[in-house]
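Student: Pasting my_file-v5.txt below, which is compact mmCIF, C-alpha atoms.
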```
# COMPACT_ATOMS: atom_id res chain seq x y z
CA MET M 22 0.00 0.00 0.00
CA ASP M 23 1.15 3.51 -0.75
CA TYR M 24 1.03 5.12 2.70
CA GLU M 25 2.10 8.52 1.38
CA LYS M 26 -1.13 8.71 -0.65
CA LEU M 27 -3.22 7.26 2.17
CA LEU M 28 -1.97 9.89 4.63
CA LYS M 29 -1.84 12.66 1.99
CA ILE M 30 1.60 13.87 3.07
CA SER M 31 3.62 16.50 1.25
CA PRO M 32 5.69 15.18 -1.70
CA SER M 33 8.84 16.57 -0.07
CA HIS M 34 8.23 14.52 3.11
CA VAL M 35 9.03 10.84 3.69
CA LEU M 36 7.59 8.13 5.93
CA VAL M 37 9.82 5.99 8.14
CA VAL M 38 8.52 2.87 9.92
CA ARG M 39 9.44 3.16 13.60
CA GLY M 40 7.83 -0.08 14.76
CA SER M 41 5.45 -2.86 13.82
CA LYS M 42 3.55 -5.77 15.33
CA ILE M 43 1.07 -8.45 14.31
CA GLU M 44 -2.23 -9.03 16.10
CA GLN M 45 -4.54 -12.00 15.63
CA ARG M 46 -8.03 -12.09 17.10
CA LYS M 47 -11.69 -12.50 16.23
CA GLY M 48 -10.93 -13.93 12.79
CA LEU M 49 -8.65 -11.05 11.77
CA ASP M 50 -4.93 -10.84 11.08
CA THR M 51 -3.85 -7.25 11.68
CA ASP M 52 -0.49 -5.68 10.88
CA VAL M 53 0.11 -2.53 12.94
CA TYR M 54 2.75 -0.01 11.87
CA ILE M 55 3.95 3.09 13.71
CA VAL M 56 5.37 5.54 11.18
CA ASP M 57 6.97 8.97 11.43
CA GLU M 58 6.52 11.65 8.78
CA LEU M 59 9.84 13.42 8.23
CA ALA M 60 10.31 16.81 6.60
CA ALA M 61 13.10 17.42 4.09
CA ASP M 62 15.39 18.47 6.95
CA ARG M 63 14.65 15.12 8.71
CA THR M 64 12.63 16.61 11.57
CA VAL M 65 9.57 14.63 12.67
CA VAL M 66 6.41 16.39 11.50
CA ALA M 67 3.85 13.79 12.64
CA SER M 68 3.48 10.20 13.82
CA TYR M 69 0.78 7.76 12.72
CA GLU M 70 -0.56 4.31 13.54
CA ILE M 71 -1.60 2.35 10.45
CA ARG M 72 -3.61 -0.87 10.83
CA GLU M 73 -3.98 -3.28 7.90
CA SER M 74 -6.49 -6.04 8.64
CA MET M 75 -7.52 -9.11 6.67
CA SER M 76 -10.18 -11.67 7.52
CA ILE M 77 -8.85 -15.21 7.85
CA TYR M 78 -12.17 -16.51 6.50
CA PRO M 79 -13.55 -16.22 2.96
CA PRO M 80 -14.08 -13.81 1.25
CA PHE M 81 -10.85 -12.52 2.97
CA LYS M 82 -11.96 -8.89 3.22
CA ARG M 83 -9.22 -6.30 3.78
CA SER M 84 -9.28 -2.90 5.44
CA THR M 85 -6.74 -0.19 6.21
CA VAL M 86 -7.29 2.48 8.85
CA TRP M 87 -4.97 5.07 10.33
CA LYS M 88 -4.83 7.68 13.06
CA ARG M 89 -2.43 10.43 13.99
CA ILE M 90 -0.86 9.59 17.36
CA ASP M 91 1.29 12.61 18.18
CA GLY M 92 0.18 15.67 20.16
```
Taking this structure as input, can you express it in the form of structure tokens?
Tutor:
Amino acid sequence: MDYEKLLKISPSHVLVVRGSKIEQRKGLDTDVYIVDELAADRTVVASYEIRESMSIYPPFKRSTVWKRIDG
């Protein structure tokens, strides 16, 4: 997935994954990523939690949600 488009960050900024984990419960496999948005000068502009979930049962529906977690 193209997280830059999902989060609508500036083209001059980059995303860096700071951490990740996998959760499994209630028929869902969920990948959780903590990412930092860095400006061109490498200062942290924002931090986000991105959750990508997929059902382990047919029809294997997928969803991606995010939230800003700083300040």
Student: Could you give me, as a list in words, the residues within 12 Å of Leu28 of chain M, counting only C-alpha atoms and dropping anything in the same chain fewer than 3 positions from it?
Tutor: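 So, after excluding close chain neighbours, the residues are Met22, Asp23, Tyr24, Glu25, Ser31, Pro32, His34, Val35, Leu36, Val56, Asp57, Glu58, Ala67, Ser68, Tyr69, Glu70, Ile71, Thr85, Val86, Trp87, Lys88 and Arg89 of chain M.
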Student: Given all atoms listed in the file as the basis, pick out the residue of M:Phe81, M:Ile90, M:Ser74, M:Ala60 nearest to Arg46 of chain M.
Tutor: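 Of the candidates, the smallest distance to Arg46 of chain M is held by M:Ser74.
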Student: What's the separation between atom CA of Lys42 of chain M and atom CA of Ala61 of chain M, in Å to one decimal place?
Tutor: 27.5 Å
Student: Counting all atoms listed in the file, which residue out of M:Val37, M:Ile30, M:Leu59, M:Leu49 sits closest to Ser84 of chain M?
Tutor: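 Counting all atoms listed in the file, the residue closest to Ser84 of chain M is M:Leu49.
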Student: If you measure from atom CA of Gly40 of chain M to atom CA of Pro80 of chain M, what distance in Å do you get, rounded to one decimal?
Tutor: 29.2 Å
Student: Applying 12 Å and only C-alpha atoms, which residues near Lys82 of chain M remain after dropping the ones on its own chain fewer than 6 positions away? List them as a ChimeraX atom specification.
Tutor: /M:48-51,73-76
Student: Quick check, in Å to one decimal: how far apart do atom CA of Ser33 of chain M and atom CA of Asp62 of chain M lie?
Tutor: 9.8 Å
Student: Segment 41-44 of chain M, all listed atoms, 8 Å padding on each side: what axis-aligned box centre and edge lengths in Å to one decimal come out, as lines of an AutoDock Vina configuration file?
Tutor:
```
center_x = 1.6
center_y = -5.9
center_z = 15.0
size_x = 23.7
size_y = 22.2
size_z = 18.3
```
Student: Between M:Val66, M:Leu27, M:Lys47, M:Asp91, which one has atoms that come closest to Tyr78 of chain M, using all atoms listed in the file?
Tutor: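 Among the listed residues, M:Lys47 lies closest to Tyr78 of chain M.
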